[in-house]
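Visitor: Supplied in structure tokens, the structure appears directly below.
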Amino acid sequence: MVDSAKPDLQLEPTARAENPPPDYSRLRTVITLVAIIAVIVVFWEGMKSFSRANDYELMIGGMVIDLSNFNNTQLPHLGDIFGAFFEPAQRNGPPLYQTLLSAALFTLGEAMLGFFIGAVLGFLLAVIFTHSRLLQNGLLPYVVASQMVPILAIAPMVVVWMRQIELSALAVPIIAAYLTFFPVTIYALRGFTSVPPTELELMQSYAANHLQIFFKLRLPNALPQIFTALKISATASVVGAIIGELPSGIQDGLGGAILNFNQYYTQGPPRLWATIVAAATVGILFFGVVALTERLVVRWQVKESN
Amino acid sequence: MTAIISIKNLTKRFRASDGHEVHALENINLDIEQGEFISLIGPSGCGKSTLLRIMADLIQPTSGTLSVNGKTAAQARKDRDYGFVFQNATLYDWRTVAKNVQLPLEIMRFSKQEREQRAREMLHLVELGDFENKYPWQLSGGMQQRVSIARALSFKPGILFMDEPFGALDEMTRERMNNELLKIWNNLGVTCIFVTHSIPEAVYLSTRVVVLSPRPGRLAEIININLPRPRGPETRDLDDFFHLMSRVRGALRGLGATDGKHIESY
Ligand SMILES: Nc1ncnc2c1ncn2[C@@H]1O[C@H](COP(=O)(O)OP(=O)(O)OP(=O)(O)O)[C@@H](O)[C@H]1O
Ligand SMILES: [Mg+2]
């Protein structure tokens, strides 16, 4: 058995290292991405030129579509949105991309702090719930209920509270954390408690204590699920930070920029669209960083990909 | 010789959540001596795993007494007197082979140097010395099971409980694993309690084969296996080997069942 199994197990990794086969899967991903963007561009601009060429109301299945909706105010040209990045938002000001970059970094900072607070809080709640059925039954309903309250209703209250205790700077991160902790609690709890019974019995057969069982079994068992939660939380924290900026009157972030460009929308629609692109980019980047960390930490998961 | 495991009037009933009772084991009496190789055999659901888990203090008996190494089963577990090999290998996905073998040593706070040395030694024993840095999913089922045996032996327990460790293997691999296990048993002098569904396996390995009858699980018959040692491929061709196999088979069919009476093989 040893002889028959050894060769293919040992040859595979070295063969890969010396002569890596061309990685078509990555190429395919890139091509797919480009294709999707191309389709969106064609569709977007196609709608616009179609509406310009046919200045009437379109009947589709009894529904009336007013083609004038696709005018340059409601739906700017993609080229104009792209171009807006390089034009100053205010007269004699820096080009928009500079404004947006500093706003994005500001919001990302808030989001990351909120993400961190939320992740730690969510994790601790999951640890407590794992070890106390009583607290789990008593508190979990409130944790779930907390997410039923719209963040838009919570945000102004948090701002007021934080102002009162003179910690205004923490208001936005806390609002972001409010969106962040929940997935972490739910997924981590699931990961901590979904340990196969025999894996737990194995620990018992060694007379392992609770701490050892947690760190050597429950935590590693939960890591894939925790990272799933962290990826959800990363994007949610960006949304939370942007929404948190609105009632706090913070001007330095993307939330402030959205408010501002929304107010003066008719004077330059592409600027708001460009800000939305910037916000989406921040979310994607944050997601990417967490996904990359997951790859470094959860190494053993490669089995799924082969 | 004194009994290393002594079971007296042991009964186990499970109460399911719907209030329905499952009578898993009824009045089991069994003494196992130092250095024995005991196989538990019986139809599915007759309580073999339950008996093994009770001996390992993973579940509690309903009534009866039990001593392991002259202490309670709970104390023996706390003193790490036994290793347990589960039916599925139960390796941790996130640990390499060597790290899996080191798991009990980490829990028992062995030094890093000792952990590494023992893991190497045990993997060598099960002929997996070259696979230290592989992950469990890179190994075949039989190799995984050998890692699990190496792990159970790593802290040198005096007793080894094994719940159908080779159940999922093909006949050829199983026979090779049987030989490896006999070698280990011989070299380390551990007492083995081994659950199996395979009659040839039970006869080939054991000093005694314990046949359990189902619903409730009772000790139907204990068959002494007086085959010469060391055992090897030629053992399987002996007339006595076939004779003993048919005795076990007969006991399983309920032919020779005399309810707990100890029956010598000759
Ligand atoms: N935790 C439990 N709760 C309720 N009933 C159980 C429990 N564990 C086992 N049983 C019942 O006890 C009986 C014996 O189970 P056990 O797992 O010991 O059988 P076994 O001989 O090991 O069977 P197999 O050969 O299929 O592994 C079965 O009827 C089973 O349904
Ligand atoms: Mg069983």
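Every chain in the structure tokens takes a letter, A first, then B, and so on in the order presented; its residues are numbered from 1, and the ligands are numbered from 1 following the presented order.
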Residues within 9 Å of Pro136 in chain B, please, as a list in words. Count only C-alpha atoms; anything in the same chain fewer than 2 positions from it doesn't count.

Guide: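 Listing them by chain and then by number gives Leu91, Tyr92, Asp93, Trp94, Arg95, Thr96, Val97, Asn100, Lys134, Gln138, Leu139, Ser140, Met143, Gln144 and Val147 of chain B.
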
Visitor: Against ligand 2, which residues of chain B fall within 9 Å? For each one I want the closest pair of atoms and the distance in Å (one decimal), counting only C-alpha atoms and all ligand atoms, rows by chain and increasing residue number, as a Markdown table.

Guide:
| residue | atom | partner | partner_atom_place_in_ligand_line | distance |
| --- | --- | --- | --- | --- |
| B:Ser44 | CA | ligand 2 | 1 (Mg) | 7.1 |
| B:Gly45 | CA | ligand 2 | 1 (Mg) | 6.9 |
| B:Cys46 | CA | ligand 2 | 1 (Mg) | 8.4 |
| B:Gly47 | CA | ligand 2 | 1 (Mg) | 7.0 |
| B:Lys48 | CA | ligand 2 | 1 (Mg) | 5.7 |
| B:Ser49 | CA | ligand 2 | 1 (Mg) | 4.1 |
| B:Thr50 | CA | ligand 2 | 1 (Mg) | 7.2 |
| B:Leu52 | CA | ligand 2 | 1 (Mg) | 8.9 |
| B:Gln87 | CA | ligand 2 | 1 (Mg) | 7.6 |
| B:Asp163 | CA | ligand 2 | 1 (Mg) | 6.6 |
| B:Glu164 | CA | ligand 2 | 1 (Mg) | 7.3 |
| B:Val195 | CA | ligand 2 | 1 (Mg) | 7.7 |
| B:Thr196 | CA | ligand 2 | 1 (Mg) | 8.6 |

Visitor: Taking only C-alpha atoms and all ligand atoms and a cut-off of 12 Å, can you tell me which residues surround ligand 1, written as a PyMOL selection string?

Guide: (chain A and resi 197-198) or (chain B and resi 11-26+40-54+58-61+86-88+162-165+167+194-198+211-218)

Visitor: Would you mind telling me which residue in A:Ala222, A:Ile284, A:Val238, A:Val160 lies nearest to chain B when using only C-alpha atoms?

Guide: A:Ala222

Visitor: Looking at only C-alpha atoms, which of A:Ile226, A:Leu105, A:Ile242, A:Leu134 is the one that sits closest to Ala155 in chain A?

Guide: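 Closest to Ala155 in chain A of all the choices is A:Ile242.
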
Visitor: How many Å separate CA of Gln34 in chain B from CA of Cys192 in chain B?

Guide: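 It comes out at 9.2 Å.
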
Visitor: Applying 8 Å and only C-alpha atoms, which residues near range 173-187 of chain A remain after dropping the ones on its own chain fewer than 5 positions away? List them as a CSV table (one decimal) with all heavy atoms, in the first residue's frame.

Guide:
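Dumped to around26.csv:
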chain,number,residue,atom,x,y,z
A,110,GLU,N,-13.1,54.2,8.8
A,110,GLU,CA,-14.2,54.1,9.7
A,110,GLU,C,-14.8,52.6,9.6
A,110,GLU,O,-15.1,52.0,10.6
A,110,GLU,CB,-15.3,55.0,9.3
A,110,GLU,CG,-15.0,56.5,9.5
A,110,GLU,CD,-16.1,57.4,8.9
A,110,GLU,OE1,-16.7,57.0,7.8
A,110,GLU,OE2,-16.3,58.5,9.4
A,111,ALA,N,-14.9,52.2,8.3
A,111,ALA,CA,-15.5,50.8,8.1
A,111,ALA,C,-14.6,49.8,8.7
A,111,ALA,O,-15.1,48.8,9.4
A,111,ALA,CB,-15.6,50.6,6.6
A,112,MET,N,-13.3,49.9,8.6
A,112,MET,CA,-12.4,48.9,9.2
A,112,MET,C,-12.4,48.9,10.7
A,112,MET,O,-12.4,47.8,11.3
A,112,MET,CB,-10.9,49.1,8.7
A,112,MET,CG,-10.7,48.6,7.3
A,112,MET,SD,-9.2,49.1,6.5
A,112,MET,CE,-8.0,48.4,7.6
A,113,LEU,N,-12.5,50.1,11.3
A,113,LEU,CA,-12.6,50.1,12.7
A,113,LEU,C,-13.9,49.5,13.2
A,113,LEU,O,-14.0,48.6,14.1
A,113,LEU,CB,-12.6,51.6,13.2
A,113,LEU,CG,-12.6,51.8,14.8
A,113,LEU,CD1,-11.4,51.0,15.4
A,113,LEU,CD2,-12.4,53.2,15.1
A,114,GLY,N,-15.0,49.8,12.5
A,114,GLY,CA,-16.3,49.2,12.8
A,114,GLY,C,-16.3,47.7,12.6
A,114,GLY,O,-16.9,46.9,13.4
A,115,PHE,N,-15.7,47.3,11.5
A,115,PHE,CA,-15.6,45.9,11.2
A,115,PHE,C,-14.9,45.1,12.3
A,115,PHE,O,-15.3,44.1,12.8
A,115,PHE,CB,-14.8,45.7,9.9
A,115,PHE,CG,-14.4,44.3,9.5
A,115,PHE,CD1,-15.3,43.5,8.8
A,115,PHE,CD2,-13.1,43.8,9.8
A,115,PHE,CE1,-14.9,42.2,8.5
A,115,PHE,CE2,-12.7,42.5,9.4
A,115,PHE,CZ,-13.7,41.7,8.8
A,116,PHE,N,-13.8,45.8,12.8
A,116,PHE,CA,-13.0,45.1,13.8
A,116,PHE,C,-13.8,45.0,15.1
A,116,PHE,O,-13.9,44.0,15.7
A,116,PHE,CB,-11.7,46.0,14.1
A,116,PHE,CG,-10.8,45.4,15.2
A,116,PHE,CD1,-10.1,44.3,14.9
A,116,PHE,CD2,-10.8,46.0,16.4
A,116,PHE,CE1,-9.3,43.7,15.9
A,116,PHE,CE2,-10.0,45.5,17.4
A,116,PHE,CZ,-9.2,44.3,17.2
A,117,ILE,N,-14.5,46.2,15.5
A,117,ILE,CA,-15.3,46.1,16.7
A,117,ILE,C,-16.4,45.1,16.6
A,117,ILE,O,-16.6,44.3,17.5
A,117,ILE,CB,-15.9,47.5,17.0
A,117,ILE,CG1,-14.8,48.6,17.3
A,117,ILE,CG2,-16.9,47.5,18.1
A,117,ILE,CD1,-15.4,50.0,17.3
A,118,GLY,N,-17.1,45.1,15.4
A,118,GLY,CA,-18.2,44.1,15.2
A,118,GLY,C,-17.7,42.7,15.2
A,118,GLY,O,-18.4,41.8,15.8
A,119,ALA,N,-16.6,42.4,14.6
A,119,ALA,CA,-16.1,41.1,14.5
A,119,ALA,C,-15.7,40.5,15.9
A,119,ALA,O,-16.1,39.4,16.2
A,119,ALA,CB,-14.9,41.0,13.6
A,120,VAL,N,-15.0,41.4,16.7
A,120,VAL,CA,-14.6,40.9,18.0
A,120,VAL,C,-15.9,40.7,18.9
A,120,VAL,O,-16.0,39.7,19.5
A,120,VAL,CB,-13.7,42.0,18.7
A,120,VAL,CG1,-13.5,41.7,20.2
A,120,VAL,CG2,-12.4,42.0,18.0
A,121,LEU,N,-16.8,41.6,18.8
A,121,LEU,CA,-18.1,41.5,19.6
A,121,LEU,C,-18.8,40.3,19.1
A,121,LEU,O,-19.3,39.5,20.0
A,121,LEU,CB,-18.9,42.8,19.4
A,121,LEU,CG,-20.3,42.7,20.1
A,121,LEU,CD1,-20.1,42.9,21.6
A,121,LEU,CD2,-21.2,43.8,19.5
A,122,GLY,N,-19.0,40.1,17.8
A,122,GLY,CA,-19.7,38.9,17.3
A,122,GLY,C,-19.1,37.6,17.7
A,122,GLY,O,-19.7,36.7,18.1
A,123,PHE,N,-17.7,37.6,17.7
A,123,PHE,CA,-17.0,36.4,18.0
A,123,PHE,C,-17.2,36.1,19.5
A,123,PHE,O,-17.5,34.9,19.9
A,123,PHE,CB,-15.5,36.6,17.8
A,123,PHE,CG,-14.6,35.5,18.0
A,123,PHE,CD1,-14.4,34.5,17.0
A,123,PHE,CD2,-14.0,35.3,19.2
A,123,PHE,CE1,-13.6,33.4,17.3
A,123,PHE,CE2,-13.2,34.2,19.5
A,123,PHE,CZ,-13.0,33.3,18.5
A,124,LEU,N,-17.1,37.1,20.4
A,124,LEU,CA,-17.2,36.9,21.8
A,124,LEU,C,-18.7,36.4,22.1
A,124,LEU,O,-18.8,35.4,22.9
A,124,LEU,CB,-16.9,38.2,22.6
A,124,LEU,CG,-15.5,38.6,22.6
A,124,LEU,CD1,-15.3,39.9,23.4
A,124,LEU,CD2,-14.6,37.4,23.2
A,125,LEU,N,-19.7,37.0,21.5
A,125,LEU,CA,-21.0,36.5,21.7
A,125,LEU,C,-21.1,35.0,21.3
A,125,LEU,O,-21.7,34.2,22.0
A,125,LEU,CB,-22.0,37.3,20.8
A,125,LEU,CG,-22.4,38.7,21.4
A,125,LEU,CD1,-23.3,39.4,20.5
A,125,LEU,CD2,-23.1,38.5,22.8
A,126,ALA,N,-20.5,34.7,20.2
A,126,ALA,CA,-20.6,33.3,19.7
A,126,ALA,C,-19.9,32.3,20.8
A,126,ALA,O,-20.4,31.3,21.1
A,126,ALA,CB,-20.0,33.1,18.4
A,143,VAL,N,-30.4,39.3,19.7
A,143,VAL,CA,-29.4,39.5,18.7
A,143,VAL,C,-30.1,39.5,17.3
A,143,VAL,O,-29.8,40.4,16.5
A,143,VAL,CB,-28.3,38.5,18.8
A,143,VAL,CG1,-27.4,38.5,17.5
A,143,VAL,CG2,-27.5,38.6,20.0
A,144,VAL,N,-31.0,38.6,17.1
A,144,VAL,CA,-31.7,38.5,15.8
A,144,VAL,C,-32.6,39.7,15.7
A,144,VAL,O,-32.6,40.4,14.6
A,144,VAL,CB,-32.5,37.2,15.7
A,144,VAL,CG1,-33.4,37.2,14.5
A,144,VAL,CG2,-31.6,36.0,15.8
A,147,GLN,N,-31.3,43.1,14.3
A,147,GLN,CA,-31.1,43.3,12.9
A,147,GLN,C,-32.5,43.6,12.1
A,147,GLN,O,-32.5,43.9,11.0
A,147,GLN,CB,-30.5,42.1,12.3
A,147,GLN,CG,-29.2,41.7,12.9
A,147,GLN,CD,-28.1,42.8,12.7
A,147,GLN,OE1,-27.8,43.2,11.6
A,147,GLN,NE2,-27.6,43.3,13.9
A,151,ILE,N,-31.1,50.2,10.0
A,151,ILE,CA,-29.9,50.9,10.4
A,151,ILE,C,-30.2,52.4,10.3
A,151,ILE,O,-29.6,53.2,11.1
A,151,ILE,CB,-28.7,50.5,9.5
A,151,ILE,CG1,-27.4,51.1,10.0
A,151,ILE,CG2,-28.9,50.8,8.1
A,151,ILE,CD1,-26.9,50.4,11.2
A,154,ILE,N,-31.4,53.6,13.6
A,154,ILE,CA,-30.4,53.5,14.7
A,154,ILE,C,-29.4,54.6,14.6
A,154,ILE,O,-29.0,55.2,15.6
A,154,ILE,CB,-29.7,52.1,14.6
A,154,ILE,CG1,-30.7,51.0,14.7
A,154,ILE,CG2,-28.6,52.0,15.6
A,154,ILE,CD1,-31.0,50.6,16.1
A,155,ALA,N,-28.9,54.8,13.3
A,155,ALA,CA,-27.8,55.7,13.1
A,155,ALA,C,-27.9,57.1,13.8
A,155,ALA,O,-27.0,57.4,14.5
A,155,ALA,CB,-27.5,55.9,11.6
A,158,VAL,N,-27.4,56.7,17.6
A,158,VAL,CA,-26.0,56.5,18.0
A,158,VAL,C,-25.2,57.8,17.9
A,158,VAL,O,-24.4,58.0,18.8
A,158,VAL,CB,-25.3,55.4,17.0
A,158,VAL,CG1,-23.9,55.2,17.3
A,158,VAL,CG2,-26.1,54.1,17.1
A,222,ALA,N,-14.6,26.0,13.0
A,222,ALA,CA,-15.4,27.2,12.7
A,222,ALA,C,-14.8,28.1,11.7
A,222,ALA,O,-15.5,29.0,11.1
A,222,ALA,CB,-15.8,27.9,13.9
A,225,GLN,N,-16.4,29.0,8.3
A,225,GLN,CA,-17.7,29.7,8.5
A,225,GLN,C,-17.4,31.1,8.9
A,225,GLN,O,-18.1,32.0,8.5
A,225,GLN,CB,-18.6,29.0,9.4
A,225,GLN,CG,-19.5,28.0,8.8
A,225,GLN,CD,-19.5,26.6,9.4
A,225,GLN,OE1,-18.4,26.1,9.7
A,225,GLN,NE2,-20.6,26.0,9.6
A,226,ILE,N,-16.4,31.3,9.8
A,226,ILE,CA,-16.1,32.6,10.3
A,226,ILE,C,-15.7,33.5,9.2
A,226,ILE,O,-16.1,34.7,9.1
A,226,ILE,CB,-15.1,32.6,11.4
A,226,ILE,CG1,-15.7,32.0,12.7
A,226,ILE,CG2,-14.5,33.9,11.7
A,226,ILE,CD1,-14.7,31.8,13.8
A,228,THR,N,-16.5,33.2,6.0
A,228,THR,CA,-17.7,33.5,5.2
A,228,THR,C,-18.4,34.7,5.8
A,228,THR,O,-18.8,35.7,5.1
A,228,THR,CB,-18.7,32.3,5.2
A,228,THR,OG1,-18.0,31.2,4.7
A,228,THR,CG2,-19.9,32.6,4.4
A,229,ALA,N,-18.6,34.7,7.2
A,229,ALA,CA,-19.2,35.8,7.9
A,229,ALA,C,-18.4,37.1,7.7
A,229,ALA,O,-19.0,38.2,7.4
A,229,ALA,CB,-19.4,35.5,9.3
A,230,LEU,N,-17.1,37.0,7.8
A,230,LEU,CA,-16.2,38.2,7.7
A,230,LEU,C,-16.3,38.8,6.3
A,230,LEU,O,-16.2,40.0,6.2
A,230,LEU,CB,-14.8,37.8,8.1
A,230,LEU,CG,-14.5,37.5,9.5
A,230,LEU,CD1,-13.0,37.2,9.7
A,230,LEU,CD2,-14.9,38.6,10.4
A,232,ILE,N,-19.0,38.8,4.4
A,232,ILE,CA,-20.3,39.5,4.4
A,232,ILE,C,-20.1,40.8,5.2
A,232,ILE,O,-20.5,41.9,4.8
A,232,ILE,CB,-21.4,38.7,5.1
A,232,ILE,CG1,-21.6,37.4,4.3
A,232,ILE,CG2,-22.7,39.4,5.2
A,232,ILE,CD1,-22.5,36.4,4.9
A,233,SER,N,-19.4,40.7,6.3
A,233,SER,CA,-19.3,41.8,7.2
A,233,SER,C,-18.4,42.9,6.6
A,233,SER,O,-18.6,44.1,6.9
A,233,SER,CB,-18.7,41.4,8.6
A,233,SER,OG,-19.5,40.6,9.2
A,234,ALA,N,-17.4,42.5,5.8
A,234,ALA,CA,-16.5,43.5,5.3
A,234,ALA,C,-17.3,44.5,4.4
A,234,ALA,O,-17.2,45.7,4.5
A,234,ALA,CB,-15.4,42.8,4.4
A,236,ALA,N,-20.6,44.9,4.4
A,236,ALA,CA,-21.7,45.5,5.2
A,236,ALA,C,-21.1,46.7,6.0
A,236,ALA,O,-21.8,47.7,6.2
A,236,ALA,CB,-22.3,44.5,6.2
A,237,SER,N,-19.8,46.5,6.4
A,237,SER,CA,-19.2,47.6,7.2
A,237,SER,C,-19.0,48.9,6.4
A,237,SER,O,-19.2,50.0,6.9
A,237,SER,CB,-17.9,47.2,7.8
A,237,SER,OG,-16.9,47.1,6.9
A,238,VAL,N,-18.8,48.7,5.1
A,238,VAL,CA,-18.6,49.9,4.2
A,238,VAL,C,-20.0,50.6,4.1
A,238,VAL,O,-20.1,51.8,4.2
A,238,VAL,CB,-18.1,49.5,2.8
A,238,VAL,CG1,-18.0,50.7,1.9
A,238,VAL,CG2,-16.7,48.9,3.0
A,239,VAL,N,-21.0,49.8,3.9
A,239,VAL,CA,-22.4,50.3,3.8
A,239,VAL,C,-22.7,51.0,5.1
A,239,VAL,O,-23.2,52.2,5.1
A,239,VAL,CB,-23.4,49.2,3.5
A,239,VAL,CG1,-24.8,49.8,3.6
A,239,VAL,CG2,-23.1,48.6,2.1
A,240,GLY,N,-22.4,50.4,6.2
A,240,GLY,CA,-22.7,51.0,7.5
A,240,GLY,C,-22.0,52.3,7.7
A,240,GLY,O,-22.6,53.3,8.2
A,241,ALA,N,-20.7,52.4,7.3
A,241,ALA,CA,-20.0,53.6,7.5
A,241,ALA,C,-20.6,54.7,6.6
A,241,ALA,O,-20.7,55.9,7.1
A,241,ALA,CB,-18.5,53.4,7.1
A,244,GLY,N,-23.7,55.8,8.2
A,244,GLY,CA,-23.5,56.5,9.4
A,244,GLY,C,-23.0,57.9,9.3
A,244,GLY,O,-23.3,58.8,10.1

Visitor: With only C-alpha atoms as the atoms that count, which of B:Ile107, B:Leu10, B:Leu227, B:Ile222 lies nearest to Met203 in chain A?

Guide: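 Residue with the minimum atom-to-atom distance to Met203 in chain A: B:Ile107.
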
Visitor: Closest to chain A among B:Ser6, B:Thr62, B:Ser111, B:Asn133, using only C-alpha atoms?

Guide: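 Using only C-alpha atoms, the shortest distance to chain A belongs to B:Asn133.
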
Visitor: Using only C-alpha atoms, which residues sit within 10 Å of Glu175 in chain B once same-chain residues fewer than 2 positions away are excluded, as a list of chain:residue names?

Guide: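 Result of the neighbour search: B:Phe166, B:Leu169, B:Asp170, B:Glu171, B:Met172, B:Thr173, B:Met177, B:Asn178, B:Asn179, B:Glu180, B:Leu181, B:Pro200, B:Glu201, B:Tyr204, B:Gly232, B:Pro233.
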
Visitor: Would you save the residues of that selection, restricted to C-alpha atoms, as an mmCIF file, in the first residue's frame?

Guide:
data_model
loop_
_atom_site.group_PDB
_atom_site.id
_atom_site.type_symbol
_atom_site.label_atom_id
_atom_site.label_comp_id
_atom_site.auth_asym_id
_atom_site.auth_seq_id
_atom_site.Cartn_x
_atom_site.Cartn_y
_atom_site.Cartn_z
ATOM 1 C CA PHE B 166 -10.799 -1.491 9.187
ATOM 2 C CA LEU B 169 -11.266 -1.375 3.730
ATOM 3 C CA ASP B 170 -11.085 -3.963 0.981
ATOM 4 C CA GLU B 171 -10.103 -7.505 1.915
ATOM 5 C CA MET B 172 -6.481 -7.253 0.724
ATOM 6 C CA THR B 173 -5.763 -4.017 2.577
ATOM 7 C CA MET B 177 -3.513 -3.923 8.220
ATOM 8 C CA ASN B 178 -4.255 -6.948 10.409
ATOM 9 C CA ASN B 179 -0.619 -8.000 10.168
ATOM 10 C CA GLU B 180 0.585 -4.518 11.012
ATOM 11 C CA LEU B 181 -1.732 -4.394 13.985
ATOM 12 C CA PRO B 200 -11.819 -14.054 9.682
ATOM 13 C CA GLU B 201 -10.439 -10.835 11.096
ATOM 14 C CA TYR B 204 -6.989 -14.127 12.957
ATOM 15 C CA GLY B 232 0.913 -14.928 9.414
ATOM 16 C CA PRO B 233 -0.586 -15.657 6.005
#
